[in-house]
file upload.cif (mmCIF, C-alpha atoms)
data_final
#
loop_
_atom_site.label_atom_id
_atom_site.label_comp_id
_atom_site.auth_asym_id
_atom_site.auth_seq_id
_atom_site.Cartn_x
_atom_site.Cartn_y
_atom_site.Cartn_z
CA MET X 1 113.22 75.71 133.25
CA ILE X 2 113.39 79.31 132.07
CA LYS X 3 111.04 80.49 129.31
CA PHE X 4 111.13 83.56 127.11
CA LYS X 5 109.08 84.81 124.20
CA VAL X 6 110.03 85.61 120.62
CA LYS X 7 107.69 87.80 118.58
CA THR X 8 108.11 87.01 114.89
CA GLU X 9 107.00 89.43 112.19
CA THR X 10 106.82 87.46 108.98
CA ARG X 11 106.10 83.91 107.76
CA GLU X 12 109.74 82.86 107.59
CA ALA X 13 112.75 84.51 109.19
CA PHE X 14 115.54 83.79 111.66
CA TYR X 15 115.95 85.87 114.84
CA GLU X 16 119.16 85.91 116.82
CA ILE X 17 118.45 85.02 120.47
CA THR X 18 122.01 84.65 121.80
CA LEU X 19 121.53 87.47 124.34
CA GLU X 20 118.21 86.08 125.60
CA VAL X 21 119.79 82.64 126.06
CA GLN X 22 122.80 84.16 127.88
CA ARG X 23 120.36 85.98 130.16
CA ALA X 24 118.71 82.63 130.97
CA VAL X 25 122.15 81.22 131.82
CA ASP X 26 122.75 84.23 134.09
CA ARG X 27 119.41 83.65 135.86
CA SER X 28 120.17 79.94 136.32
CA GLY X 29 123.27 80.75 138.35
CA VAL X 30 125.14 77.86 136.70
CA SER X 31 128.78 78.68 135.97
CA GLU X 32 129.88 75.38 134.40
CA GLY X 33 127.62 72.99 132.52
CA ILE X 34 125.38 72.69 129.51
CA CYS X 35 122.59 74.99 128.38
CA HIS X 36 119.82 73.16 126.53
CA ILE X 37 117.65 75.31 124.25
CA TYR X 38 114.29 73.80 123.28
CA VAL X 39 111.55 75.07 120.97
CA PRO X 40 108.11 73.66 121.95
CA HIS X 41 106.61 74.33 118.50
CA THR X 42 106.31 72.12 115.42
CA THR X 43 106.71 74.81 112.74
CA ALA X 44 109.70 76.61 114.25
CA ALA X 45 113.26 75.56 115.05
CA VAL X 46 116.48 76.58 116.79
CA LEU X 47 119.85 76.75 115.05
CA ILE X 48 123.44 77.63 115.78
CA GLN X 49 124.79 79.44 112.72
CA GLU X 50 126.78 82.44 111.55
CA ALA X 51 125.74 85.63 113.33
CA HIS X 52 128.10 88.04 111.56
CA ASP X 53 126.60 88.32 108.06
CA PRO X 54 122.77 88.31 108.15
CA ALA X 55 122.79 87.19 104.50
CA VAL X 56 123.63 83.65 105.68
CA ALA X 57 120.32 83.31 107.52
CA ARG X 58 118.45 84.74 104.53
CA ASP X 59 120.21 82.29 102.17
CA ILE X 60 119.16 79.38 104.39
CA VAL X 61 115.53 80.55 104.43
CA THR X 62 115.55 81.06 100.66
CA HIS X 63 117.09 77.72 99.88
CA LEU X 64 114.77 75.80 102.23
CA ARG X 65 111.91 77.45 100.32
CA ARG X 66 113.33 76.10 97.06
CA LEU X 67 113.70 72.57 98.45
CA ILE X 68 110.40 72.54 100.33
CA PRO X 69 107.87 74.69 98.47
CA ARG X 70 104.66 75.76 100.22
CA GLU X 71 102.55 74.13 97.51
CA ALA X 72 103.65 70.57 96.84
CA GLY X 73 100.44 68.58 97.03
CA PHE X 74 100.61 68.03 100.78
CA GLU X 75 97.95 66.14 102.73
CA HIS X 76 97.98 68.28 105.90
CA GLN X 77 95.20 70.87 105.50
CA GLU X 78 96.57 73.97 107.25
CA ASP X 79 98.72 75.33 104.42
CA ASN X 80 101.84 74.82 106.54
CA ALA X 81 103.06 71.29 105.81
CA ASP X 82 106.17 72.95 104.36
CA SER X 83 106.74 74.71 107.72
CA HIS X 84 106.67 71.36 109.57
CA ILE X 85 109.19 69.88 107.10
CA LYS X 86 111.52 72.89 107.33
CA ALA X 87 111.41 72.70 111.13
CA THR X 88 112.22 68.97 110.88
CA ALA X 89 115.26 69.66 108.70
CA VAL X 90 116.68 72.24 111.13
CA GLY X 91 115.71 70.65 114.46
CA ASN X 92 113.96 71.94 117.59
CA THR X 93 116.73 71.75 120.17
CA VAL X 94 120.47 72.39 120.64
CA PRO X 95 122.84 72.33 123.59
CA VAL X 96 125.56 74.93 124.18
CA PHE X 97 128.40 74.46 126.66
CA VAL X 98 128.69 76.94 129.55
CA GLU X 99 132.01 77.91 131.14
CA GLN X 100 132.53 80.64 133.76
CA GLY X 101 128.87 81.51 133.35
CA LYS X 102 129.17 82.24 129.63
CA LEU X 103 127.83 80.41 126.56
CA CYS X 104 130.76 78.84 124.68
CA LEU X 105 130.09 79.67 121.05
CA GLY X 106 132.53 79.55 118.16
CA THR X 107 133.86 82.85 116.80
CA TRP X 108 131.13 83.23 114.17
CA GLN X 109 128.32 81.38 115.94
CA GLY X 110 125.07 82.78 117.29
CA VAL X 111 121.85 81.12 118.43
CA PHE X 112 118.87 81.67 116.12
CA PHE X 113 115.16 81.16 116.53
CA CYS X 114 113.86 79.96 113.14
CA GLU X 115 110.29 80.93 112.30
CA PHE X 116 108.67 78.97 109.48
CA ASP X 117 104.98 79.78 110.02
CA GLY X 118 104.73 83.28 111.46
CA PRO X 119 104.01 85.92 112.34
CA ARG X 120 103.35 84.62 115.86
CA THR X 121 104.40 84.99 119.46
CA ARG X 122 106.59 81.99 120.18
CA GLU X 123 108.27 80.48 123.25
CA VAL X 124 111.78 79.22 123.85
CA TRP X 125 112.53 76.94 126.79
CA VAL X 126 115.98 76.84 128.39
CA LYS X 127 117.38 74.45 130.98
CA VAL X 128 120.91 74.78 132.30
CA GLN X 129 122.53 71.70 133.86
CA GLY X 130 125.43 72.25 136.22
CA MET A 131 120.14 53.34 130.20
CA ILE A 132 116.66 52.04 129.42
CA LYS A 133 115.99 50.31 126.09
CA PHE A 134 112.77 49.48 124.33
CA LYS A 135 111.88 48.00 120.96
CA VAL A 136 109.88 49.39 118.05
CA LYS A 137 108.51 46.96 115.48
CA THR A 138 108.12 48.73 112.15
CA GLU A 139 105.86 47.41 109.43
CA THR A 140 106.85 49.12 106.23
CA ARG A 141 109.96 50.61 104.55
CA GLU A 142 109.25 54.18 105.64
CA ALA A 143 106.89 55.40 108.35
CA PHE A 144 106.90 57.35 111.60
CA TYR A 145 105.69 55.76 114.85
CA GLU A 146 104.72 57.84 117.86
CA ILE A 147 106.69 56.66 120.93
CA THR A 148 105.77 59.40 123.42
CA LEU A 149 104.17 56.90 125.82
CA GLU A 150 107.11 54.50 125.68
CA VAL A 151 109.51 57.37 126.43
CA GLN A 152 107.32 58.59 129.32
CA ARG A 153 107.38 55.02 130.69
CA ALA A 154 111.18 55.10 130.59
CA VAL A 155 111.12 58.38 132.53
CA ASP A 156 108.80 56.75 135.08
CA ARG A 157 111.18 53.79 135.46
CA SER A 158 114.18 56.10 135.89
CA GLY A 159 112.60 57.70 138.94
CA VAL A 160 113.90 61.12 137.87
CA SER A 161 111.43 63.92 138.59
CA GLU A 162 113.43 66.89 137.28
CA GLY A 163 116.03 66.73 134.54
CA ILE A 164 116.55 65.89 130.90
CA CYS A 165 115.50 62.77 129.02
CA HIS A 166 117.84 61.93 126.14
CA ILE A 167 116.38 59.73 123.41
CA TYR A 168 118.91 57.98 121.17
CA VAL A 169 118.45 55.74 118.12
CA PRO A 170 121.41 53.32 117.69
CA HIS A 171 120.64 52.73 113.99
CA THR A 172 121.94 54.44 110.84
CA THR A 173 118.80 54.19 108.70
CA ALA A 174 116.30 55.36 111.32
CA ALA A 175 115.85 58.58 113.29
CA VAL A 176 113.98 60.24 116.14
CA LEU A 177 111.95 63.41 115.77
CA ILE A 178 109.78 65.74 117.83
CA GLN A 179 106.90 66.83 115.61
CA GLU A 180 103.15 67.31 115.48
CA ALA A 181 101.26 64.38 117.00
CA HIS A 182 97.71 65.63 116.39
CA ASP A 183 97.28 65.24 112.62
CA PRO A 184 98.97 62.06 111.31
CA ALA A 185 99.05 63.66 107.84
CA VAL A 186 102.04 65.77 108.98
CA ALA A 187 104.23 62.69 109.47
CA ARG A 188 103.07 61.30 106.12
CA ASP A 189 103.85 64.60 104.36
CA ILE A 190 107.38 64.54 105.83
CA VAL A 191 107.95 60.96 104.63
CA THR A 192 106.58 61.79 101.17
CA HIS A 193 108.63 64.93 100.76
CA LEU A 194 111.86 63.30 101.94
CA ARG A 195 111.22 60.66 99.27
CA ARG A 196 110.98 63.43 96.64
CA LEU A 197 114.21 65.07 97.80
CA ILE A 198 116.14 61.84 98.36
CA PRO A 199 114.93 59.21 95.86
CA ARG A 200 115.83 55.56 96.41
CA GLU A 201 117.50 55.37 93.00
CA ALA A 202 119.94 58.22 92.49
CA GLY A 203 123.12 56.52 91.34
CA PHE A 204 124.43 55.87 94.86
CA GLU A 205 127.70 54.07 95.55
CA HIS A 206 126.59 52.14 98.68
CA GLN A 207 125.46 48.69 97.50
CA GLU A 208 122.61 47.81 99.85
CA ASP A 209 119.79 49.70 98.11
CA ASN A 210 119.40 51.92 101.18
CA ALA A 211 121.75 54.87 100.67
CA ASP A 212 118.60 57.03 100.59
CA SER A 213 117.65 55.68 104.04
CA HIS A 214 121.02 56.77 105.48
CA ILE A 215 120.62 60.25 103.99
CA LYS A 216 117.03 60.63 105.27
CA ALA A 217 118.19 59.55 108.75
CA THR A 218 120.99 62.13 108.53
CA ALA A 219 118.54 64.90 107.66
CA VAL A 220 116.27 64.12 110.63
CA GLY A 221 118.88 63.16 113.25
CA ASN A 222 119.30 60.22 115.61
CA THR A 223 118.88 61.86 119.02
CA VAL A 224 116.79 64.50 120.85
CA PRO A 225 116.53 65.66 124.45
CA VAL A 226 113.23 66.46 126.18
CA PHE A 227 113.00 68.32 129.49
CA VAL A 228 111.43 66.51 132.46
CA GLU A 229 109.53 68.33 135.23
CA GLN A 230 107.56 66.67 138.04
CA GLY A 231 108.31 63.32 136.41
CA LYS A 232 106.63 64.28 133.12
CA LEU A 233 108.07 64.95 129.64
CA CYS A 234 107.71 68.66 128.84
CA LEU A 235 106.39 68.72 125.29
CA GLY A 236 104.72 71.61 123.48
CA THR A 237 100.96 71.46 122.95
CA TRP A 238 101.17 69.78 119.55
CA GLN A 239 104.44 67.86 120.03
CA GLY A 240 104.98 64.12 120.22
CA VAL A 241 108.10 61.95 119.97
CA PHE A 242 108.36 59.87 116.78
CA PHE A 243 110.53 56.96 115.77
CA CYS A 244 111.30 57.44 112.07
CA GLU A 245 111.82 54.25 110.06
CA PHE A 246 113.54 54.68 106.70
CA ASP A 247 114.56 51.08 105.93
CA GLY A 248 111.98 48.76 107.44
CA PRO A 249 110.24 46.62 108.20
CA ARG A 250 112.51 45.73 111.13
CA THR A 251 112.60 45.38 114.88
CA ARG A 252 114.42 48.47 116.13
CA GLU A 253 115.75 49.72 119.46
CA VAL A 254 115.43 53.07 121.20
CA TRP A 255 117.81 53.98 124.03
CA VAL A 256 116.78 56.42 126.76
CA LYS A 257 118.87 58.01 129.48
CA VAL A 258 117.35 60.40 132.03
CA GLN A 259 119.70 62.79 133.82
CA GLY A 260 118.50 64.28 137.10
CA MET U 261 135.76 70.91 128.14
CA ILE U 262 138.21 68.91 126.05
CA LYS U 263 139.20 70.15 122.59
CA PHE U 264 140.90 68.40 119.70
CA LYS U 265 141.76 69.36 116.15
CA VAL U 266 140.72 67.84 112.83
CA LYS U 267 142.78 68.63 109.75
CA THR U 268 140.62 68.37 106.65
CA GLU U 269 142.11 67.94 103.20
CA THR U 270 139.39 68.82 100.73
CA ARG U 271 136.36 71.10 100.43
CA GLU U 272 133.83 68.44 101.44
CA ALA U 273 134.46 65.14 103.20
CA PHE U 274 133.56 63.28 106.36
CA TYR U 275 136.25 62.14 108.83
CA GLU U 276 135.60 59.49 111.43
CA ILE U 277 136.51 60.82 114.91
CA THR U 278 135.14 58.02 117.09
CA LEU U 279 138.59 57.25 118.53
CA GLU U 280 139.34 60.90 119.30
CA VAL U 281 136.00 61.25 121.09
CA GLN U 282 136.62 58.02 123.05
CA ARG U 283 139.99 59.44 124.08
CA ALA U 284 138.25 62.58 125.38
CA VAL U 285 135.90 60.36 127.41
CA ASP U 286 138.95 58.52 128.80
CA ARG U 287 140.58 61.83 129.80
CA SER U 288 137.35 63.05 131.47
CA GLY U 289 137.40 60.09 133.85
CA VAL U 290 133.61 59.78 133.61
CA SER U 291 132.43 56.18 133.57
CA GLU U 292 128.67 56.72 133.32
CA GLY U 293 127.01 59.72 131.71
CA ILE U 294 126.64 61.59 128.45
CA CYS U 295 129.34 62.78 126.08
CA HIS U 296 128.35 65.95 124.20
CA ILE U 297 130.23 66.59 120.96
CA TYR U 298 130.10 70.17 119.67
CA VAL U 299 131.50 71.74 116.50
CA PRO U 300 132.20 75.49 116.98
CA HIS U 301 132.15 76.20 113.23
CA THR U 302 129.34 77.31 110.91
CA THR U 303 130.40 75.44 107.75
CA ALA U 304 131.12 72.07 109.38
CA ALA U 305 129.00 69.57 111.28
CA VAL U 306 129.07 66.40 113.38
CA LEU U 307 127.11 63.26 112.55
CA ILE U 308 126.54 59.76 113.84
CA GLN U 309 126.32 57.47 110.83
CA GLU U 310 127.52 54.19 109.37
CA ALA U 311 131.24 53.64 109.87
CA HIS U 312 131.54 50.27 108.12
CA ASP U 313 131.16 51.18 104.43
CA PRO U 314 132.87 54.50 103.59
CA ALA U 315 130.61 54.76 100.52
CA VAL U 316 127.75 55.86 102.82
CA ALA U 317 129.58 59.06 103.82
CA ARG U 318 130.48 59.73 100.19
CA ASP U 319 126.85 59.23 99.10
CA ILE U 320 125.71 61.75 101.74
CA VAL U 321 128.27 64.33 100.56
CA THR U 322 127.33 63.76 96.91
CA HIS U 323 123.61 64.01 97.51
CA LEU U 324 123.90 67.15 99.67
CA ARG U 325 125.80 68.68 96.75
CA ARG U 326 122.88 67.86 94.43
CA LEU U 327 120.32 69.37 96.80
CA ILE U 328 122.42 72.40 97.77
CA PRO U 329 124.63 73.39 94.82
CA ARG U 330 127.52 75.79 95.37
CA GLU U 331 126.13 78.20 92.77
CA ALA U 332 122.47 78.96 93.43
CA GLY U 333 122.31 82.74 93.39
CA PHE U 334 123.14 83.14 97.08
CA GLU U 335 123.45 86.54 98.77
CA HIS U 336 126.35 85.70 101.12
CA GLN U 337 129.55 86.79 99.34
CA GLU U 338 132.13 84.21 100.43
CA ASP U 339 131.28 81.46 97.96
CA ASN U 340 130.28 79.17 100.81
CA ALA U 341 126.59 79.81 101.43
CA ASP U 342 126.07 76.18 100.38
CA SER U 343 128.48 75.07 103.14
CA HIS U 344 126.42 76.91 105.78
CA ILE U 345 123.22 75.28 104.51
CA LYS U 346 124.76 71.79 104.42
CA ALA U 347 126.04 72.28 108.00
CA THR U 348 122.52 73.38 109.01
CA ALA U 349 120.99 70.25 107.52
CA VAL U 350 123.37 67.93 109.39
CA GLY U 351 123.69 69.82 112.70
CA ASN U 352 126.64 70.94 114.82
CA THR U 353 126.22 68.83 117.95
CA VAL U 354 125.29 65.30 119.11
CA PRO U 355 125.28 63.50 122.44
CA VAL U 356 126.45 59.91 122.91
CA PHE U 357 125.73 57.87 126.04
CA VAL U 358 128.71 56.61 128.08
CA GLU U 359 128.63 53.37 130.10
CA GLN U 360 131.60 51.79 131.87
CA GLY U 361 133.79 54.49 130.37
CA LYS U 362 132.89 53.58 126.78
CA LEU U 363 130.85 55.41 124.13
CA CYS U 364 127.59 53.52 123.54
CA LEU U 365 127.24 53.40 119.78
CA GLY U 366 125.03 51.13 117.71
CA THR U 367 126.67 48.23 115.85
CA TRP U 368 127.22 50.22 112.63
CA GLN U 369 127.57 53.70 114.11
CA GLY U 370 130.62 55.93 114.20
CA VAL U 371 131.08 59.65 114.93
CA PHE U 372 131.99 61.78 111.90
CA PHE U 373 133.33 65.28 111.53
CA CYS U 374 131.68 66.73 108.41
CA GLU U 375 133.72 69.29 106.49
CA PHE U 376 131.78 71.45 104.03
CA ASP U 377 134.26 74.28 103.40
CA GLY U 378 137.77 72.86 103.69
CA PRO U 379 140.57 72.27 103.60
CA ARG U 380 141.06 73.76 107.09
CA THR U 381 142.24 72.94 110.57
CA ARG U 382 139.06 72.58 112.62
CA GLU U 383 138.21 72.10 116.29
CA VAL U 384 135.88 69.72 118.05
CA TRP U 385 134.74 70.42 121.61
CA VAL U 386 133.73 67.60 123.96
CA LYS U 387 132.11 67.75 127.38
CA VAL U 388 131.31 64.62 129.36
CA GLN U 389 128.65 64.87 132.08
CA GLY U 390 128.70 62.26 134.80
#

call {"tool": "encode", "arguments": {"input": "upload.cif", "output": "structure tokens"}}
result
Amino acid sequence: MIKFKVKTETREAFYEITLEVQRAVDRSGVSEGICHIYVPHTTAAVLIQEAHDPAVARDIVTHLRRLIPREAGFEHQEDNADSHIKATAVGNTVPVFVEQGKLCLGTWQGVFFCEFDGPRTREVWVKVQG
Amino acid sequence: MIKFKVKTETREAFYEITLEVQRAVDRSGVSEGICHIYVPHTTAAVLIQEAHDPAVARDIVTHLRRLIPREAGFEHQEDNADSHIKATAVGNTVPVFVEQGKLCLGTWQGVFFCEFDGPRTREVWVKVQG
Amino acid sequence: MIKFKVKTETREAFYEITLEVQRAVDRSGVSEGICHIYVPHTTAAVLIQEAHDPAVARDIVTHLRRLIPREAGFEHQEDNADSHIKATAVGNTVPVFVEQGKLCLGTWQGVFFCEFDGPRTREVWVKVQG
């Protein structure tokens, strides 16, 4: 398992981590297989989405905020129940295929770390199966 | 493939199954690899979320009920279209890394079976790849 | 990696692809393992859901449209920010277990390609690990 850190700077934002994940694939030495990306947090997520126009990520963050407002009479007492629900909607793990040592992403796809309760220093775990 | 049952007691609730999944890993004999957890139902899901404060799971159930009400003019005639949509939002499968025979979960993470159309006796399927 | 195409005929609809995925498993020659299904697009998704009553898929499409309307003051300028958000909610990849050369699906489950910005000719990528 290869781990790397993501330093987030605001409560909610997406950070592209495609290069960091590719570096983990490089370190693994696997040329053909599957790269599993796993976020060990409960108020953050990982997502494969459009990496070309950064407005897409901002629109997702904004709309999740509309659907899951911070104040909605939640029971959990840490003022971040919304963050847990947003992370649940997006998911904490995705696999990406690896061929010839490279992540196989669609033309517009990138890998994003999704912060929903920052700013914090977060971890991403990667395991590449040959 | 290892299967185990989950007996749910109400229409909607989350049940922590971390121990049952760890037992499946033990039975598999795999010490390093990936444990895939799969729910073979269409109105239930599996989720990795906070296992410390049970209010988090309740807040997720409550908020999904707000976003996806049982009565919303659905076409499907079994009074559980909402259950299918909730299961879709959460997802029916997650992988967890395994090292030294143990599930690698983040500090606050547990594995939850998510019932959205109980009470029922449900199945969880587990496959551990070395 | 095995690829196949899905031709979609409307802006939003789900298409069952269970047979196409089973054919990819057949071609892989793997009799026991995991079949990973991956959508390389950012406005489409893949989902395991009920394949018996087609009303379930329609209810999911309809309700996602209620929660994520096409016009909601989005920043992204291609009139499909909603499609990206719907794809995010559903997810772009799922694994299915394979035993004796067959996909292991629950009684009511099928694999669906979810179009959120059609009509288009789309791709699905499949990798089967033994």

call {"tool": "resolve_selection", "arguments": {"input": "upload.cif", "expression": "the PyMOL selection byres ((chain U) within 6 of (chain A))", "output": "PDB file with C-alpha atoms, in the frame of the given file"}}
result
ATOM      1  CA  GLN U 309     126.320  57.470 110.830  1.00  0.00           C
ATOM      2  CA  GLU U 310     127.520  54.190 109.370  1.00  0.00           C
ATOM      3  CA  ALA U 315     130.610  54.760 100.520  1.00  0.00           C
ATOM      4  CA  VAL U 316     127.750  55.860 102.820  1.00  0.00           C
ATOM      5  CA  ASP U 319     126.850  59.230  99.100  1.00  0.00           C
ATOM      6  CA  ILE U 320     125.710  61.750 101.740  1.00  0.00           C
ATOM      7  CA  ALA U 349     120.990  70.250 107.520  1.00  0.00           C
ATOM      8  CA  VAL U 350     123.370  67.930 109.390  1.00  0.00           C
ATOM      9  CA  GLY U 366     125.030  51.130 117.710  1.00  0.00           C
TER      10      GLY U 366
END

call {"tool": "atom_distance", "arguments": {"input": "upload.cif", "atom1": "CA of His182 (chain A)", "atom2": "CA of Asp79 (chain X)"}}
result
15.4 Å

call {"tool": "residues_around", "arguments": {"input": "upload.cif", "residues": "Phe357 (chain U)", "least_positions_apart": "4", "cutoff": "7 Å", "atoms": "all atoms listed in the file", "output": "count of residues only"}}
result
5

call {"tool": "resolve_selection", "arguments": {"input": "upload.cif", "expression": "the PyMOL selection byres ((chain X and resi 31) around 8)", "output": "JSON, numbers by chain"}}
result
{"X": [29, 30, 32, 33, 98, 99, 100, 101, 102, 130]}

call {"tool": "atom_distance", "arguments": {"input": "upload.cif", "atom1": "CA of Phe274 (chain U)", "atom2": "CA of Ala311 (chain U)"}}
result
10.5 Å

call {"tool": "resolve_selection", "arguments": {"input": "upload.cif", "expression": "the PyMOL selection byres ((chain A and resi 139) around 7)", "output": "PyMOL selection string"}}
result
chain A and resi 137-138+140+248-249

call {"tool": "atom_distance", "arguments": {"input": "upload.cif", "atom1": "CA of Leu105 (chain X)", "atom2": "CA of Arg325 (chain U)"}}
result
27.0 Å
